>>> print(open('query36.cif').read())   # mmCIF, C-alpha atoms
data_work
#
loop_
_atom_site.label_atom_id
_atom_site.label_comp_id
_atom_site.auth_asym_id
_atom_site.auth_seq_id
_atom_site.Cartn_x
_atom_site.Cartn_y
_atom_site.Cartn_z
CA MET A 67 -75.55 -64.88 -49.10
CA LEU A 68 -74.41 -68.25 -47.86
CA ASP A 69 -73.92 -70.55 -50.84
CA HIS A 70 -73.34 -74.31 -50.54
CA GLU A 71 -69.54 -74.12 -50.72
CA ARG A 72 -69.30 -71.43 -48.03
CA LEU A 73 -71.82 -73.27 -45.85
CA MET A 74 -69.66 -76.39 -46.00
CA VAL A 75 -66.57 -74.39 -44.93
CA LEU A 76 -68.55 -72.84 -42.10
CA LEU A 77 -69.88 -76.20 -40.88
CA THR A 78 -66.44 -77.84 -41.17
CA ASP A 79 -64.80 -75.11 -39.09
CA MET A 80 -67.62 -75.20 -36.55
CA ALA A 81 -67.12 -78.97 -36.20
CA LYS A 82 -63.42 -78.35 -35.47
CA PHE A 83 -64.33 -75.76 -32.85
CA GLU A 84 -66.63 -78.24 -31.16
CA SER A 85 -63.66 -80.34 -30.02
CA GLN A 86 -61.88 -77.34 -28.45
CA THR A 87 -62.32 -75.88 -25.00
CA VAL A 88 -63.50 -72.32 -24.40
CA ASN A 89 -59.94 -71.49 -23.33
CA GLU A 90 -58.51 -72.87 -26.57
CA LEU A 91 -61.04 -70.94 -28.67
CA PHE A 92 -61.10 -67.57 -26.99
CA HIS A 93 -58.07 -67.08 -24.78
CA GLN A 94 -55.13 -67.65 -27.11
CA GLY A 95 -54.92 -64.14 -28.53
CA GLU A 96 -56.74 -63.17 -31.72
CA TRP A 97 -57.48 -66.57 -33.28
CA PRO A 98 -59.60 -68.45 -33.66
CA GLY A 99 -61.78 -66.35 -31.36
CA LYS A 100 -61.83 -63.06 -29.53
CA CYS A 101 -64.09 -61.11 -27.22
CA HIS A 102 -65.12 -57.45 -27.58
CA ASP A 103 -67.09 -55.07 -25.42
CA VAL A 104 -70.42 -54.59 -27.18
CA HIS A 105 -70.40 -50.81 -26.73
CA THR A 106 -67.08 -50.57 -28.63
CA LEU A 107 -68.39 -52.17 -31.84
CA PRO A 108 -67.54 -49.65 -34.58
CA ASN A 109 -70.40 -50.72 -36.87
CA LYS A 110 -73.52 -48.80 -35.83
CA SER A 111 -75.75 -51.10 -37.92
CA ALA A 112 -74.49 -54.06 -35.88
CA LEU A 113 -75.33 -52.24 -32.64
CA ALA A 114 -78.79 -51.41 -33.97
CA ARG A 115 -79.31 -55.04 -34.96
CA LEU A 116 -78.45 -56.21 -31.44
CA ASP A 117 -81.03 -53.75 -30.14
CA ASP A 118 -83.62 -55.08 -32.63
CA LEU A 119 -82.91 -58.62 -31.40
CA GLY A 120 -83.40 -57.59 -27.77
CA LEU A 121 -79.72 -58.15 -27.01
CA SER A 122 -78.65 -54.59 -26.27
CA ASP A 123 -78.18 -55.47 -22.58
CA MET A 124 -75.30 -57.83 -23.39
CA THR A 125 -71.89 -56.44 -22.46
CA LYS A 126 -69.53 -58.80 -24.33
CA ILE A 127 -69.74 -60.21 -27.84
CA TRP A 128 -67.51 -62.95 -29.20
CA LYS A 129 -66.29 -63.74 -32.70
CA LEU A 130 -64.83 -66.80 -34.34
CA ARG A 131 -62.75 -66.51 -37.50
CA ILE A 132 -63.94 -68.75 -40.31
CA GLY A 133 -61.65 -68.92 -43.32
CA GLY A 134 -60.19 -65.59 -44.41
CA ALA A 135 -62.54 -62.68 -43.87
CA GLY A 136 -65.53 -64.53 -42.44
CA ARG A 137 -66.53 -64.10 -38.81
CA LEU A 138 -69.18 -65.86 -36.78
CA TRP A 139 -70.49 -63.53 -34.04
CA GLY A 140 -72.34 -64.49 -30.91
CA PHE A 141 -72.52 -64.63 -27.15
CA LEU A 142 -70.74 -67.03 -24.85
CA VAL A 143 -72.92 -68.28 -22.02
CA GLY A 144 -70.98 -70.74 -19.90
CA ASN A 145 -69.41 -73.10 -22.42
CA VAL A 146 -72.04 -72.52 -25.11
CA PHE A 147 -71.49 -70.15 -28.04
CA HIS A 148 -74.83 -68.71 -29.18
CA VAL A 149 -74.58 -67.56 -32.81
CA VAL A 150 -76.09 -64.16 -33.57
CA TRP A 151 -74.91 -63.61 -37.13
CA TRP A 152 -72.59 -64.60 -39.92
CA ASP A 153 -70.32 -61.79 -41.14
CA PRO A 154 -68.83 -63.06 -44.44
CA ARG A 155 -67.02 -59.83 -45.37
CA HIS A 156 -65.69 -58.88 -41.91
CA GLU A 157 -67.91 -55.77 -41.73
CA VAL A 158 -69.06 -55.91 -38.11
CA TRP A 159 -65.56 -55.04 -36.92
CA PRO A 160 -63.59 -54.09 -40.05
CA SER A 161 -59.83 -54.52 -40.08
CA LYS A 162 -57.80 -51.34 -39.78
CA ARG A 163 -55.37 -52.64 -42.41
#
>>> encode(input="query36.cif", output="structure tokens")
Amino acid sequence: MLDHERLMVLLTDMAKFESQTVNELFHQGEWPGKCHDVHTLPNKSALARLDDLGLSDMTKIWKLRIGGAGRLWGFLVGNVFHVVWWDPRHEVWPSKR
């Protein structure tokens, strides 16, 4: 669930990302963003959801860290990040820690 407080954090962080280049967002290591090969996603429900959305032909999926555990997942097409889902508990690609 996305309550008002969490929505405001999400929108604030997204506004910060808007002023950054793709290189600044996704090519600085782990944060704020990172790319994964779709077929390596460990969460089978996430893979099934991509199939349900007609996105199973995509090869790369990108994430942006929002706050602590939250992740915004989507696809990068050119310089545009297309949001697929909000992962508030970091369950799409759980930490190994």
>>> resolve_selection(input="query36.cif", expression="the PyMOL selection byres ((chain A and resi 79) around 12)", output="ChimeraX atom specification")
/A:72-78,80-86,91,98,130-134,136-138
>>> write_last_selection(input="query36.cif", atoms="C-alpha atoms", output="mmCIF file, in the coordinates of the input")
data_model
loop_
_atom_site.group_PDB
_atom_site.id
_atom_site.type_symbol
_atom_site.label_atom_id
_atom_site.label_comp_id
_atom_site.auth_asym_id
_atom_site.auth_seq_id
_atom_site.Cartn_x
_atom_site.Cartn_y
_atom_site.Cartn_z
ATOM 1 C CA ARG A 72 -69.300 -71.430 -48.030
ATOM 2 C CA LEU A 73 -71.820 -73.270 -45.850
ATOM 3 C CA MET A 74 -69.660 -76.390 -46.000
ATOM 4 C CA VAL A 75 -66.570 -74.390 -44.930
ATOM 5 C CA LEU A 76 -68.550 -72.840 -42.100
ATOM 6 C CA LEU A 77 -69.880 -76.200 -40.880
ATOM 7 C CA THR A 78 -66.440 -77.840 -41.170
ATOM 8 C CA MET A 80 -67.620 -75.200 -36.550
ATOM 9 C CA ALA A 81 -67.120 -78.970 -36.200
ATOM 10 C CA LYS A 82 -63.420 -78.350 -35.470
ATOM 11 C CA PHE A 83 -64.330 -75.760 -32.850
ATOM 12 C CA GLU A 84 -66.630 -78.240 -31.160
ATOM 13 C CA SER A 85 -63.660 -80.340 -30.020
ATOM 14 C CA GLN A 86 -61.880 -77.340 -28.450
ATOM 15 C CA LEU A 91 -61.040 -70.940 -28.670
ATOM 16 C CA PRO A 98 -59.600 -68.450 -33.660
ATOM 17 C CA LEU A 130 -64.830 -66.800 -34.340
ATOM 18 C CA ARG A 131 -62.750 -66.510 -37.500
ATOM 19 C CA ILE A 132 -63.940 -68.750 -40.310
ATOM 20 C CA GLY A 133 -61.650 -68.920 -43.320
ATOM 21 C CA GLY A 134 -60.190 -65.590 -44.410
ATOM 22 C CA GLY A 136 -65.530 -64.530 -42.440
ATOM 23 C CA ARG A 137 -66.530 -64.100 -38.810
ATOM 24 C CA LEU A 138 -69.180 -65.860 -36.780
#
>>> resolve_selection(input="query36.cif", expression="the PyMOL selection byres ((chain A and resi 126) around 12)", output="compact mmCIF listing (two decimals) with C-alpha atoms, keeping the file's coordinate frame")
# COMPACT_ATOMS: atom_id res chain seq x y z
CA LYS A 100 -61.83 -63.06 -29.53
CA CYS A 101 -64.09 -61.11 -27.22
CA HIS A 102 -65.12 -57.45 -27.58
CA ASP A 103 -67.09 -55.07 -25.42
CA VAL A 104 -70.42 -54.59 -27.18
CA HIS A 105 -70.40 -50.81 -26.73
CA THR A 106 -67.08 -50.57 -28.63
CA LEU A 107 -68.39 -52.17 -31.84
CA LEU A 116 -78.45 -56.21 -31.44
CA LEU A 121 -79.72 -58.15 -27.01
CA SER A 122 -78.65 -54.59 -26.27
CA ASP A 123 -78.18 -55.47 -22.58
CA MET A 124 -75.30 -57.83 -23.39
CA THR A 125 -71.89 -56.44 -22.46
CA ILE A 127 -69.74 -60.21 -27.84
CA TRP A 128 -67.51 -62.95 -29.20
CA LYS A 129 -66.29 -63.74 -32.70
CA TRP A 139 -70.49 -63.53 -34.04
CA GLY A 140 -72.34 -64.49 -30.91
CA PHE A 141 -72.52 -64.63 -27.15
CA LEU A 142 -70.74 -67.03 -24.85
CA VAL A 143 -72.92 -68.28 -22.02
>>> closest_atom_pairs(input="query36.cif", of="segment 84-132 of chain A", to="segment 153-163 of chain A", cutoff="7 Å", atoms="all atoms listed in the file", output="Markdown table")
| residue | atom | partner | partner_atom | distance |
| --- | --- | --- | --- | --- |
| A:Leu107 | CA | A:Trp159 | CA | 6.5 |
| A:Pro108 | CA | A:Trp159 | CA | 6.2 |
| A:Asn109 | CA | A:Val158 | CA | 5.5 |
| A:Ala112 | CA | A:Val158 | CA | 6.2 |
>>> atom_distance(input="query36.cif", atom1="atom CA of Phe92 of chain A", atom2="atom CA of His70 of chain A")
27.4 Å
>>> atom_distance(input="query36.cif", atom1="atom CA of Leu68 of chain A", atom2="atom CA of Val149 of chain A")
15.1 Å
>>> atom_distance(input="query36.cif", atom1="atom CA of Trp151 of chain A", atom2="atom CA of Trp97 of chain A")
18.1 Å
>>> axis_aligned_box(input="query36.cif", around="segment 110-127 of chain A", padding_each_side="4 Å", output="lines of an AutoDock Vina configuration file")
center_x = -76.6
center_y = -54.5
center_z = -30.2
size_x = 22.1
size_y = 19.4
size_z = 23.5
>>> resolve_selection(input="query36.cif", expression="the PyMOL selection byres ((chain A and resi 145) around 10)", output="list in words")
Thr87, Val88, Asn89, Leu142, Val143, Gly144, Val146, Phe147 and His148 of chain A
>>> build_atoms(input="query36.cif", residues="segment 134-163 of chain A", atoms="N, CA and C atoms", output="short mmCIF file (atom, residue, chain, number, x, y, z; two decimals), in the frame of the given file")
data_model
loop_
_atom_site.label_atom_id
_atom_site.label_comp_id
_atom_site.auth_asym_id
_atom_site.auth_seq_id
_atom_site.Cartn_x
_atom_site.Cartn_y
_atom_site.Cartn_z
N GLY A 134 -60.91 -66.87 -44.35
CA GLY A 134 -60.19 -65.59 -44.41
C GLY A 134 -60.92 -64.47 -43.72
N ALA A 135 -61.85 -63.85 -44.41
CA ALA A 135 -62.54 -62.68 -43.87
C ALA A 135 -63.74 -63.02 -43.00
N GLY A 136 -64.30 -64.19 -43.14
CA GLY A 136 -65.53 -64.53 -42.44
C GLY A 136 -65.42 -64.57 -40.93
N ARG A 137 -66.46 -64.08 -40.27
CA ARG A 137 -66.53 -64.10 -38.81
C ARG A 137 -67.92 -64.57 -38.40
N LEU A 138 -67.94 -65.41 -37.38
CA LEU A 138 -69.18 -65.86 -36.78
C LEU A 138 -69.27 -65.15 -35.43
N TRP A 139 -70.33 -64.34 -35.25
CA TRP A 139 -70.49 -63.53 -34.04
C TRP A 139 -71.56 -64.12 -33.14
N GLY A 140 -71.34 -64.00 -31.85
CA GLY A 140 -72.34 -64.49 -30.91
C GLY A 140 -71.98 -64.18 -29.48
N PHE A 141 -72.71 -64.84 -28.58
CA PHE A 141 -72.52 -64.63 -27.15
C PHE A 141 -72.14 -65.95 -26.50
N LEU A 142 -71.19 -65.87 -25.59
CA LEU A 142 -70.74 -67.03 -24.85
C LEU A 142 -71.45 -67.05 -23.51
N VAL A 143 -72.21 -68.09 -23.28
CA VAL A 143 -72.92 -68.28 -22.02
C VAL A 143 -72.43 -69.61 -21.45
N GLY A 144 -71.63 -69.54 -20.41
CA GLY A 144 -70.98 -70.74 -19.90
C GLY A 144 -70.04 -71.27 -20.96
N ASN A 145 -70.23 -72.50 -21.37
CA ASN A 145 -69.41 -73.10 -22.42
C ASN A 145 -70.13 -73.18 -23.75
N VAL A 146 -71.23 -72.45 -23.90
CA VAL A 146 -72.04 -72.52 -25.11
C VAL A 146 -71.93 -71.20 -25.88
N PHE A 147 -71.55 -71.31 -27.16
CA PHE A 147 -71.49 -70.15 -28.04
C PHE A 147 -72.82 -70.05 -28.78
N HIS A 148 -73.53 -68.95 -28.55
CA HIS A 148 -74.83 -68.71 -29.18
C HIS A 148 -74.62 -67.78 -30.39
N VAL A 149 -74.80 -68.32 -31.58
CA VAL A 149 -74.58 -67.56 -32.81
C VAL A 149 -75.65 -66.48 -32.98
N VAL A 150 -75.19 -65.27 -33.28
CA VAL A 150 -76.09 -64.16 -33.57
C VAL A 150 -76.11 -63.87 -35.06
N TRP A 151 -74.93 -63.81 -35.68
CA TRP A 151 -74.91 -63.61 -37.13
C TRP A 151 -73.61 -64.05 -37.75
N TRP A 152 -73.71 -64.27 -39.06
CA TRP A 152 -72.59 -64.60 -39.92
C TRP A 152 -72.16 -63.33 -40.63
N ASP A 153 -70.88 -63.01 -40.56
CA ASP A 153 -70.32 -61.79 -41.14
C ASP A 153 -69.29 -62.20 -42.20
N PRO A 154 -69.73 -62.51 -43.43
CA PRO A 154 -68.83 -63.06 -44.44
C PRO A 154 -67.75 -62.10 -44.93
N ARG A 155 -67.98 -60.80 -44.84
CA ARG A 155 -67.02 -59.83 -45.37
C ARG A 155 -66.31 -59.03 -44.26
N HIS A 156 -66.41 -59.51 -43.02
CA HIS A 156 -65.69 -58.88 -41.91
C HIS A 156 -66.09 -57.41 -41.77
N GLU A 157 -67.41 -57.15 -41.77
CA GLU A 157 -67.91 -55.77 -41.73
C GLU A 157 -68.37 -55.34 -40.35
N VAL A 158 -68.61 -56.29 -39.45
CA VAL A 158 -69.06 -55.91 -38.11
C VAL A 158 -67.94 -55.18 -37.38
N TRP A 159 -66.74 -55.71 -37.49
CA TRP A 159 -65.56 -55.04 -36.92
C TRP A 159 -64.47 -55.04 -37.99
N PRO A 160 -64.52 -54.09 -38.92
CA PRO A 160 -63.59 -54.09 -40.05
C PRO A 160 -62.14 -53.98 -39.60
N SER A 161 -61.27 -54.60 -40.37
CA SER A 161 -59.83 -54.52 -40.08
C SER A 161 -59.34 -53.11 -40.35
N LYS A 162 -58.38 -52.68 -39.58
CA LYS A 162 -57.80 -51.34 -39.78
C LYS A 162 -56.71 -51.34 -40.84
N ARG A 163 -56.41 -52.53 -41.37
CA ARG A 163 -55.37 -52.64 -42.41
C ARG A 163 -55.85 -52.14 -43.73
#
